[in-house]
>>> print(open('structure_24.pdb').read())   # PDB, C-alpha atoms
ATOM      1  CA  MET A  14      83.936 -87.309  25.678
ATOM      2  CA  ARG A  15      83.555 -87.153  21.937
ATOM      3  CA  SER A  16      83.444 -83.816  20.194
ATOM      4  CA  SER A  17      81.424 -82.755  17.195
ATOM      5  CA  ALA A  18      81.799 -79.622  15.088
ATOM      6  CA  PHE A  19      78.031 -79.191  15.294
ATOM      7  CA  MET A  20      77.169 -80.191  18.852
ATOM      8  CA  GLY A  21      80.178 -79.420  21.077
ATOM      9  CA  THR A  22      81.236 -82.137  23.531
ATOM     10  CA  GLU A  23      78.865 -84.784  24.799
ATOM     11  CA  GLY A  24      79.052 -83.268  28.262
ATOM     12  CA  ASP A  25      77.522 -79.978  27.059
ATOM     13  CA  ALA A  26      73.932 -81.214  27.213
ATOM     14  CA  LEU A  27      72.633 -77.964  28.730
ATOM     15  CA  GLU A  28      74.441 -75.772  26.229
ATOM     16  CA  GLY A  29      73.261 -77.627  23.099
ATOM     17  CA  PRO A  30      69.617 -76.507  23.111
ATOM     18  CA  LYS A  31      70.558 -72.910  23.935
ATOM     19  CA  ARG A  32      72.940 -72.692  20.985
ATOM     20  CA  GLY A  33      70.374 -74.330  18.748
ATOM     21  CA  LYS A  34      67.679 -71.834  19.761
ATOM     22  CA  GLU A  35      70.017 -68.857  19.274
ATOM     23  CA  THR A  36      71.067 -70.232  15.888
ATOM     24  CA  ALA A  37      67.432 -70.666  14.865
ATOM     25  CA  VAL A  38      66.680 -67.023  15.731
ATOM     26  CA  VAL A  39      69.787 -65.819  13.887
ATOM     27  CA  ASN A  40      68.914 -68.001  10.912
ATOM     28  CA  ARG A  41      65.319 -66.727  10.907
ATOM     29  CA  ASN A  42      66.528 -63.106  11.050
ATOM     30  CA  LEU A  43      69.052 -63.798   8.298
ATOM     31  CA  GLN A  44      66.406 -65.503   6.164
ATOM     32  CA  GLU A  45      63.987 -62.602   6.603
ATOM     33  CA  ARG A  46      66.695 -60.090   5.648
ATOM     34  CA  LEU A  47      67.718 -62.162   2.637
ATOM     35  CA  VAL A  48      64.102 -62.528   1.486
ATOM     36  CA  ARG A  49      63.598 -58.733   1.717
ATOM     37  CA  GLY A  50      66.700 -58.198  -0.440
ATOM     38  CA  LEU A  51      65.644 -60.873  -2.904
ATOM     39  CA  ASN A  52      62.218 -59.253  -3.259
ATOM     40  CA  LEU A  53      63.795 -55.856  -3.880
ATOM     41  CA  ASN A  54      65.911 -57.421  -6.611
ATOM     42  CA  LEU A  55      62.905 -59.320  -7.954
ATOM     43  CA  ALA A  56      61.157 -55.966  -8.318
ATOM     44  CA  ASN A  57      64.196 -54.555 -10.105
ATOM     45  CA  MET A  58      64.490 -57.548 -12.448
ATOM     46  CA  THR A  59      60.766 -57.334 -13.257
ATOM     47  CA  SER A  60      61.036 -53.613 -13.899
ATOM     48  CA  LEU A  61      64.186 -53.966 -16.010
ATOM     49  CA  ALA A  62      62.689 -56.799 -18.087
ATOM     50  CA  THR A  63      59.587 -54.726 -18.853
ATOM     51  CA  ALA A  64      61.771 -51.742 -19.776
ATOM     52  CA  TYR A  65      63.655 -53.928 -22.267
ATOM     53  CA  LYS A  66      60.320 -54.969 -23.804
ATOM     54  CA  GLN A  67      59.114 -51.355 -23.875
ATOM     55  CA  ALA A  68      62.260 -50.359 -25.765
ATOM     56  CA  HIS A  69      61.957 -53.435 -28.012
ATOM     57  CA  TRP A  70      58.435 -52.440 -29.066
ATOM     58  CA  ASN A  71      59.008 -48.707 -29.521
ATOM     59  CA  LEU A  72      62.544 -48.479 -30.894
ATOM     60  CA  GLN A  73      63.187 -46.378 -34.008
ATOM     61  CA  GLY A  74      66.527 -45.645 -35.611
ATOM     62  CA  SER A  75      69.255 -46.960 -37.847
ATOM     63  CA  GLY A  76      70.182 -49.741 -35.402
ATOM     64  CA  PHE A  77      66.607 -50.999 -35.196
ATOM     65  CA  ALA A  78      67.107 -54.580 -36.407
ATOM     66  CA  GLN A  79      70.065 -55.361 -34.149
ATOM     67  CA  LEU A  80      68.753 -53.541 -31.076
ATOM     68  CA  HIS A  81      65.219 -54.907 -31.480
ATOM     69  CA  GLU A  82      66.618 -58.437 -31.154
ATOM     70  CA  LEU A  83      69.088 -57.471 -28.419
ATOM     71  CA  PHE A  84      66.387 -55.888 -26.242
ATOM     72  CA  ASP A  85      64.219 -58.982 -26.652
ATOM     73  CA  GLN A  86      67.138 -61.236 -25.672
ATOM     74  CA  PHE A  87      67.907 -59.080 -22.621
ATOM     75  CA  ALA A  88      64.231 -59.125 -21.564
ATOM     76  CA  ASP A  89      64.264 -62.929 -21.663
ATOM     77  CA  GLN A  90      67.537 -63.136 -19.714
ATOM     78  CA  THR A  91      66.314 -60.673 -17.111
ATOM     79  CA  ARG A  92      63.072 -62.617 -16.626
ATOM     80  CA  GLU A  93      65.265 -65.670 -15.943
ATOM     81  CA  TYR A  94      67.116 -63.642 -13.289
ATOM     82  CA  ALA A  95      63.754 -62.675 -11.777
ATOM     83  CA  ASP A  96      62.890 -66.358 -11.614
ATOM     84  CA  LEU A  97      66.169 -67.138  -9.824
ATOM     85  CA  VAL A  98      65.652 -64.544  -7.084
ATOM     86  CA  ALA A  99      61.954 -65.381  -6.688
ATOM     87  CA  GLU A 100      62.669 -69.074  -6.265
ATOM     88  CA  ARG A 101      65.528 -68.385  -3.844
ATOM     89  CA  ALA A 102      63.204 -66.287  -1.659
ATOM     90  CA  VAL A 103      60.756 -69.194  -1.448
ATOM     91  CA  GLN A 104      63.591 -71.662  -0.759
ATOM     92  CA  LEU A 105      64.381 -69.485   2.275
ATOM     93  CA  HIS A 106      60.775 -69.957   3.463
ATOM     94  CA  GLY A 107      59.734 -66.490   2.313
ATOM     95  CA  THR A 108      57.188 -65.244  -0.181
ATOM     96  CA  SER A 109      58.089 -63.818  -3.571
ATOM     97  CA  HIS A 110      56.405 -60.560  -4.514
ATOM     98  CA  GLY A 111      56.481 -61.111  -8.264
ATOM     99  CA  THR A 112      53.498 -59.091  -9.434
ATOM    100  CA  ILE A 113      53.640 -55.828 -11.344
ATOM    101  CA  GLU A 114      52.216 -54.179  -8.216
ATOM    102  CA  GLY A 115      55.066 -55.646  -6.173
ATOM    103  CA  ALA A 116      57.601 -54.377  -8.680
ATOM    104  CA  VAL A 117      56.114 -50.879  -8.684
ATOM    105  CA  LYS A 118      56.111 -50.796  -4.880
ATOM    106  CA  GLU A 119      59.644 -52.088  -4.328
ATOM    107  CA  THR A 120      61.792 -51.198  -7.346
ATOM    108  CA  THR A 121      64.728 -48.842  -6.906
ATOM    109  CA  LEU A 122      65.152 -48.306 -10.647
ATOM    110  CA  PRO A 123      64.463 -44.883 -12.145
ATOM    111  CA  ALA A 124      61.274 -44.413 -14.156
ATOM    112  CA  PHE A 125      61.514 -45.470 -17.790
ATOM    113  CA  PRO A 126      60.532 -42.955 -20.522
ATOM    114  CA  LEU A 127      57.311 -44.517 -21.802
ATOM    115  CA  ASP A 128      56.905 -42.295 -24.877
ATOM    116  CA  GLU A 129      60.505 -42.500 -26.087
ATOM    117  CA  HIS A 130      61.342 -43.961 -29.521
ATOM    118  CA  ARG A 131      64.858 -42.659 -30.238
ATOM    119  CA  GLU A 132      67.461 -45.390 -29.980
ATOM    120  CA  ASP A 133      70.150 -43.260 -28.299
ATOM    121  CA  LEU A 134      67.784 -42.137 -25.532
ATOM    122  CA  LEU A 135      66.395 -45.642 -25.048
ATOM    123  CA  LEU A 136      69.937 -47.022 -24.844
ATOM    124  CA  LYS A 137      70.871 -44.370 -22.283
ATOM    125  CA  ALA A 138      67.768 -45.073 -20.177
ATOM    126  CA  LEU A 139      68.392 -48.832 -20.270
ATOM    127  CA  THR A 140      72.081 -48.383 -19.439
ATOM    128  CA  ASP A 141      71.188 -46.222 -16.447
ATOM    129  CA  ARG A 142      68.598 -48.730 -15.208
ATOM    130  CA  ALA A 143      70.990 -51.644 -15.658
ATOM    131  CA  GLY A 144      73.607 -49.731 -13.641
ATOM    132  CA  VAL A 145      71.220 -49.252 -10.729
ATOM    133  CA  ALA A 146      70.162 -52.912 -10.913
ATOM    134  CA  ILE A 147      73.822 -53.971 -10.823
ATOM    135  CA  SER A 148      74.438 -51.803  -7.749
ATOM    136  CA  GLU A 149      71.534 -53.460  -5.925
ATOM    137  CA  ILE A 150      72.683 -56.940  -6.959
ATOM    138  CA  ARG A 151      76.180 -56.131  -5.680
ATOM    139  CA  ARG A 152      74.629 -55.030  -2.368
ATOM    140  CA  GLY A 153      72.923 -58.406  -2.354
ATOM    141  CA  ILE A 154      76.276 -60.127  -2.890
ATOM    142  CA  ASP A 155      77.778 -58.234   0.041
ATOM    143  CA  GLY A 156      74.737 -58.835   2.244
ATOM    144  CA  SER A 157      74.548 -62.565   1.631
ATOM    145  CA  GLU A 158      78.031 -63.612   2.704
ATOM    146  CA  GLU A 159      76.445 -65.726   5.460
ATOM    147  CA  ASP A 160      74.386 -67.699   2.926
ATOM    148  CA  LEU A 161      76.523 -68.886   0.032
ATOM    149  CA  PRO A 162      73.686 -70.283  -2.119
ATOM    150  CA  THR A 163      71.990 -66.866  -2.107
ATOM    151  CA  GLN A 164      75.295 -65.158  -2.783
ATOM    152  CA  ASP A 165      75.851 -67.523  -5.710
ATOM    153  CA  VAL A 166      72.482 -66.510  -7.204
ATOM    154  CA  TYR A 167      73.475 -62.852  -6.928
ATOM    155  CA  ILE A 168      76.906 -63.483  -8.475
ATOM    156  CA  GLU A 169      75.348 -65.251 -11.456
ATOM    157  CA  ILE A 170      72.968 -62.341 -12.001
ATOM    158  CA  ALA A 171      75.744 -59.760 -11.596
ATOM    159  CA  ARG A 172      77.769 -61.427 -14.345
ATOM    160  CA  GLY A 173      74.822 -61.387 -16.716
ATOM    161  CA  LEU A 174      73.694 -57.838 -15.955
ATOM    162  CA  GLU A 175      77.218 -56.487 -16.237
ATOM    163  CA  LYS A 176      77.483 -58.052 -19.682
ATOM    164  CA  GLN A 177      74.144 -56.511 -20.676
ATOM    165  CA  GLU A 178      75.241 -53.092 -19.431
ATOM    166  CA  TRP A 179      78.549 -53.375 -21.305
ATOM    167  CA  MET A 180      76.763 -54.243 -24.552
ATOM    168  CA  LEU A 181      74.316 -51.357 -24.125
ATOM    169  CA  ARG A 182      77.181 -48.932 -23.420
ATOM    170  CA  SER A 183      79.009 -50.202 -26.513
ATOM    171  CA  HIS A 184      76.071 -49.126 -28.689
ATOM    172  CA  LEU A 185      76.158 -45.660 -27.161
ATOM    173  CA  THR A 186      79.801 -45.110 -28.031
ATOM    174  CA  GLY A 187      79.615 -46.739 -31.482
TER     175      GLY A 187
END
>>> encode(input="structure_24.pdb", output="C-alpha coordinates")
Amino acid sequence: MRSSAFMGTEGDALEGPKRGKETAVVNRNLQERLVRGLNLNLANMTSLATAYKQAHWNLQGSGFAQLHELFDQFADQTREYADLVAERAVQLHGTSHGTIEGAVKETTLPAFPLDEHREDLLLKALTDRAGVAISEIRRGIDGSEEDLPTQDVYIEIARGLEKQEWMLRSHLTG
(Lines of atoms letter the chains of each structure in order from A and count residues from 1; the text may use other names and numbers.)
(Lines give C-alpha, C1' and ligand atoms only; values in the text may rest on other atoms or scores of the structure.)
Protein backbone atom coordinates (compact mmCIF):
# COMPACT_ATOMS: atom_id res chain seq x y z
CA MET A 1 0.00 0.00 0.00
CA ARG A 2 1.29 3.41 -0.94
CA SER A 3 0.85 6.30 1.43
CA SER A 4 0.14 9.93 0.67
CA ALA A 5 0.33 12.91 3.01
CA PHE A 6 -3.04 14.02 1.65
CA MET A 7 -4.99 10.80 1.24
CA GLY A 8 -3.74 8.29 3.84
CA THR A 9 -3.03 4.76 2.62
CA GLU A 10 -4.67 3.29 -0.45
CA GLY A 11 -6.56 0.85 1.75
CA ASP A 12 -8.41 3.68 3.54
CA ALA A 13 -11.04 4.11 0.84
CA LEU A 14 -13.89 4.51 3.35
CA GLU A 15 -12.01 7.02 5.47
CA GLY A 16 -10.99 9.32 2.59
CA PRO A 17 -14.39 10.85 1.83
CA LYS A 18 -15.19 11.32 5.53
CA ARG A 19 -11.97 13.25 6.13
CA GLY A 20 -12.57 15.28 3.00
CA LYS A 21 -16.09 16.22 4.10
CA GLU A 22 -14.94 17.15 7.61
CA THR A 23 -12.10 19.21 6.13
CA ALA A 24 -14.52 21.00 3.81
CA VAL A 25 -16.76 21.95 6.76
CA VAL A 26 -13.76 23.11 8.81
CA ASN A 27 -12.44 25.06 5.84
CA ARG A 28 -15.85 26.64 5.23
CA ASN A 29 -16.13 27.63 8.91
CA LEU A 30 -12.58 28.98 8.85
CA GLN A 31 -13.26 30.92 5.65
CA GLU A 32 -16.44 32.43 7.08
CA ARG A 33 -14.61 33.47 10.26
CA LEU A 34 -11.73 34.93 8.27
CA VAL A 35 -14.10 36.85 5.98
CA ARG A 36 -15.90 38.34 9.03
CA GLY A 37 -12.54 39.50 10.43
CA LEU A 38 -11.43 40.86 7.07
CA ASN A 39 -14.67 42.84 6.75
CA LEU A 40 -14.22 44.29 10.24
CA ASN A 41 -10.73 45.39 9.25
CA LEU A 42 -11.99 46.67 5.91
CA ALA A 43 -14.41 48.86 7.85
CA ASN A 44 -11.57 50.08 10.05
CA MET A 45 -9.28 50.80 7.09
CA THR A 46 -12.09 52.70 5.33
CA SER A 47 -12.83 54.68 8.47
CA LEU A 48 -9.16 55.43 9.15
CA ALA A 49 -8.53 56.52 5.54
CA THR A 50 -11.47 58.94 5.66
CA ALA A 51 -10.25 60.30 9.01
CA TYR A 52 -6.84 61.01 7.44
CA LYS A 53 -8.58 62.91 4.62
CA GLN A 54 -10.77 64.79 7.11
CA ALA A 55 -7.65 65.90 8.99
CA HIS A 56 -5.87 66.68 5.70
CA TRP A 57 -8.67 69.04 4.64
CA ASN A 58 -9.25 70.78 7.97
CA LEU A 59 -5.78 71.01 9.50
CA GLN A 60 -4.57 74.36 10.85
CA GLY A 61 -1.33 75.05 12.66
CA SER A 62 2.37 75.64 12.30
CA GLY A 63 2.99 72.13 10.95
CA PHE A 64 0.35 72.50 8.25
CA ALA A 65 2.51 71.94 5.15
CA GLN A 66 4.23 68.80 6.42
CA LEU A 67 1.17 67.27 8.08
CA HIS A 68 -1.13 68.11 5.16
CA GLU A 69 1.07 65.98 2.89
CA LEU A 70 1.59 63.28 5.53
CA PHE A 71 -2.15 62.84 6.12
CA ASP A 72 -2.73 62.58 2.37
CA GLN A 73 0.02 59.95 2.06
CA PHE A 74 -1.42 57.96 4.98
CA ALA A 75 -4.93 58.12 3.46
CA ASP A 76 -3.58 56.65 0.22
CA GLN A 77 -1.65 53.91 2.05
CA THR A 78 -4.65 53.03 4.19
CA ARG A 79 -6.90 52.78 1.12
CA GLU A 80 -4.36 50.30 -0.28
CA TYR A 81 -4.68 48.28 2.95
CA ALA A 82 -8.47 48.36 2.55
CA ASP A 83 -8.02 46.98 -0.95
CA LEU A 84 -5.82 44.15 0.35
CA VAL A 85 -8.34 42.98 2.97
CA ALA A 86 -11.31 43.40 0.61
CA GLU A 87 -9.66 41.32 -2.09
CA ARG A 88 -8.58 38.66 0.41
CA ALA A 89 -12.19 38.31 1.62
CA VAL A 90 -13.34 37.68 -1.95
CA GLN A 91 -10.46 35.24 -2.55
CA LEU A 92 -11.88 33.26 0.39
CA HIS A 93 -15.24 33.12 -1.42
CA GLY A 94 -16.76 35.83 0.76
CA THR A 95 -18.19 39.24 0.03
CA SER A 96 -16.42 42.48 0.86
CA HIS A 97 -18.50 45.12 2.61
CA GLY A 98 -16.59 48.12 1.29
CA THR A 99 -19.23 50.83 1.32
CA ILE A 100 -19.36 53.77 3.71
CA GLU A 101 -22.49 52.15 5.18
CA GLY A 102 -20.53 48.95 5.76
CA ALA A 103 -17.74 50.88 7.44
CA VAL A 104 -20.15 52.74 9.71
CA LYS A 105 -21.87 49.49 10.68
CA GLU A 106 -18.74 47.44 11.38
CA THR A 107 -15.92 49.77 12.43
CA THR A 108 -14.46 49.47 15.92
CA LEU A 109 -12.64 52.80 15.68
CA PRO A 110 -13.70 55.69 17.91
CA ALA A 111 -15.61 58.56 16.34
CA PHE A 112 -13.45 61.21 14.69
CA PRO A 113 -13.90 64.88 15.71
CA LEU A 114 -15.48 66.31 12.57
CA ASP A 115 -15.21 69.99 13.53
CA GLU A 116 -11.61 69.88 14.77
CA HIS A 117 -8.90 72.01 13.10
CA ARG A 118 -6.10 72.12 15.69
CA GLU A 119 -3.13 70.01 14.66
CA ASP A 120 -2.36 68.63 18.13
CA LEU A 121 -5.93 67.39 18.63
CA LEU A 122 -6.12 65.96 15.11
CA LEU A 123 -2.80 64.18 15.66
CA LYS A 124 -4.05 62.76 18.96
CA ALA A 125 -7.33 61.58 17.40
CA LEU A 126 -5.50 59.95 14.48
CA THR A 127 -2.96 58.31 16.79
CA ASP A 128 -5.75 56.87 18.92
CA ARG A 129 -7.61 55.55 15.86
CA ALA A 130 -4.44 54.05 14.40
CA GLY A 131 -3.80 52.30 17.74
CA VAL A 132 -7.24 50.69 17.72
CA ALA A 133 -6.80 49.68 14.06
CA ILE A 134 -3.45 48.08 14.91
CA SER A 135 -5.03 46.12 17.77
CA GLU A 136 -7.69 44.73 15.43
CA ILE A 137 -5.11 43.87 12.76
CA ARG A 138 -3.04 42.06 15.40
CA ARG A 139 -6.17 40.10 16.39
CA GLY A 140 -6.45 39.23 12.73
CA ILE A 141 -2.85 38.00 12.71
CA ASP A 142 -3.54 35.79 15.72
CA GLY A 143 -6.84 34.54 14.31
CA SER A 144 -5.47 33.61 10.90
CA GLU A 145 -2.70 31.23 11.91
CA GLU A 146 -4.53 28.46 10.02
CA ASP A 147 -4.45 30.46 6.77
CA LEU A 148 -1.00 31.85 6.08
CA PRO A 149 -1.93 33.98 3.05
CA THR A 150 -4.49 35.86 5.16
CA GLN A 151 -2.02 36.16 8.00
CA ASP A 152 0.53 37.56 5.56
CA VAL A 153 -1.95 40.26 4.48
CA TYR A 154 -2.47 41.21 8.12
CA ILE A 155 1.27 41.28 8.83
CA GLU A 156 1.89 43.60 5.89
CA ILE A 157 -0.82 45.96 7.11
CA ALA A 158 0.44 45.83 10.71
CA ARG A 159 3.90 46.93 9.59
CA GLY A 160 2.49 49.87 7.68
CA LEU A 161 0.02 50.99 10.34
CA GLU A 162 2.62 50.74 13.08
CA LYS A 163 4.89 53.00 11.06
CA GLN A 164 2.04 55.47 10.56
CA GLU A 165 1.25 55.46 14.28
CA TRP A 166 4.92 55.98 15.15
CA MET A 167 5.17 58.97 12.80
CA LEU A 168 1.98 60.50 14.20
CA ARG A 169 3.23 60.02 17.78
CA SER A 170 6.55 61.64 16.82
CA HIS A 171 4.71 64.83 15.84
CA LEU A 172 2.94 64.89 19.19
CA THR A 173 6.16 64.78 21.16
CA GLY A 174 8.09 67.16 18.87
>>> atom_distance(input="structure_24.pdb", atom1="atom CA of A:Ala78", atom2="atom CA of A:Ser148")
29.7 Å
>>> residues_around(input="structure_24.pdb", residues="stretch 153-159 of chain A", least_positions_apart="4", cutoff="9 Å", atoms="only C-alpha atoms", output="list in words")
Leu43, Arg46, Leu47, Gly50, Leu51, Asn54, Ser148, Glu149, Thr163, Gln164, Asp165, Val166, Tyr167, Ile168 and Ala171 of chain A
>>> atom_distance(input="structure_24.pdb", atom1="atom CA of A:Arg131", atom2="atom CA of A:Thr112")
28.8 Å
>>> atom_distance(input="structure_24.pdb", atom1="atom CA of A:Ser75", atom2="atom CA of A:Arg182")
16.6 Å
>>> closest_residue(input="structure_24.pdb", among="A:Leu80, A:Val103, A:Ile150, A:Leu185", to="A:Asn57", atoms="all atoms listed in the file")
A:Ile150
>>> closest_residue(input="structure_24.pdb", among="A:Lys176, A:Asn40, A:Ser109, A:Glu82", to="A:Thr140", atoms="all atoms listed in the file")
A:Lys176
>>> resolve_selection(input="structure_24.pdb", expression="the PyMOL selection byres ((chain A and resi 93) around 12)", output="PyMOL selection string")
chain A and resi 55+58-59+61-62+86-92+94-100+166+169-170+173-174
>>> closest_residue(input="structure_24.pdb", among="A:Ala138, A:Leu161, A:Ala68, A:Leu127", to="A:Glu178", atoms="all atoms listed in the file")
A:Ala138
>>> resolve_selection(input="structure_24.pdb", expression="the PyMOL selection byres ((chain A and resi 117) around 12)", output="JSON list (two decimals) with C-alpha atoms, keeping the file's coordinate frame")
[["chain", "number", "residue", "atom", "x", "y", "z"],
["A", 52, "ASN", "CA", 62.22, -59.25, -3.26],
["A", 53, "LEU", "CA", 63.80, -55.86, -3.88],
["A", 54, "ASN", "CA", 65.91, -57.42, -6.61],
["A", 55, "LEU", "CA", 62.90, -59.32, -7.95],
["A", 56, "ALA", "CA", 61.16, -55.97, -8.32],
["A", 57, "ASN", "CA", 64.20, -54.56, -10.10],
["A", 58, "MET", "CA", 64.49, -57.55, -12.45],
["A", 59, "THR", "CA", 60.77, -57.33, -13.26],
["A", 60, "SER", "CA", 61.04, -53.61, -13.90],
["A", 61, "LEU", "CA", 64.19, -53.97, -16.01],
["A", 63, "THR", "CA", 59.59, -54.73, -18.85],
["A", 110, "HIS", "CA", 56.40, -60.56, -4.51],
["A", 111, "GLY", "CA", 56.48, -61.11, -8.26],
["A", 112, "THR", "CA", 53.50, -59.09, -9.43],
["A", 113, "ILE", "CA", 53.64, -55.83, -11.34],
["A", 114, "GLU", "CA", 52.22, -54.18, -8.22],
["A", 115, "GLY", "CA", 55.07, -55.65, -6.17],
["A", 116, "ALA", "CA", 57.60, -54.38, -8.68],
["A", 118, "LYS", "CA", 56.11, -50.80, -4.88],
["A", 119, "GLU", "CA", 59.64, -52.09, -4.33],
["A", 120, "THR", "CA", 61.79, -51.20, -7.35],
["A", 121, "THR", "CA", 64.73, -48.84, -6.91],
["A", 122, "LEU", "CA", 65.15, -48.31, -10.65],
["A", 123, "PRO", "CA", 64.46, -44.88, -12.14],
["A", 124, "ALA", "CA", 61.27, -44.41, -14.16],
["A", 125, "PHE", "CA", 61.51, -45.47, -17.79]]
>>> closest_residue(input="structure_24.pdb", among="A:Asn71, A:Gln44, A:Arg49, A:Phe84", to="A:Pro126", atoms="all atoms listed in the file")
A:Asn71
>>> closest_residue(input="structure_24.pdb", among="A:Arg172, A:Arg152, A:His69, A:Arg101", to="A:His130", atoms="only C-alpha atoms")
A:His69
>>> closest_residue(input="structure_24.pdb", among="A:Leu72, A:Leu105, A:Leu83, A:Leu135", to="A:Arg41", atoms="all atoms listed in the file")
A:Leu105
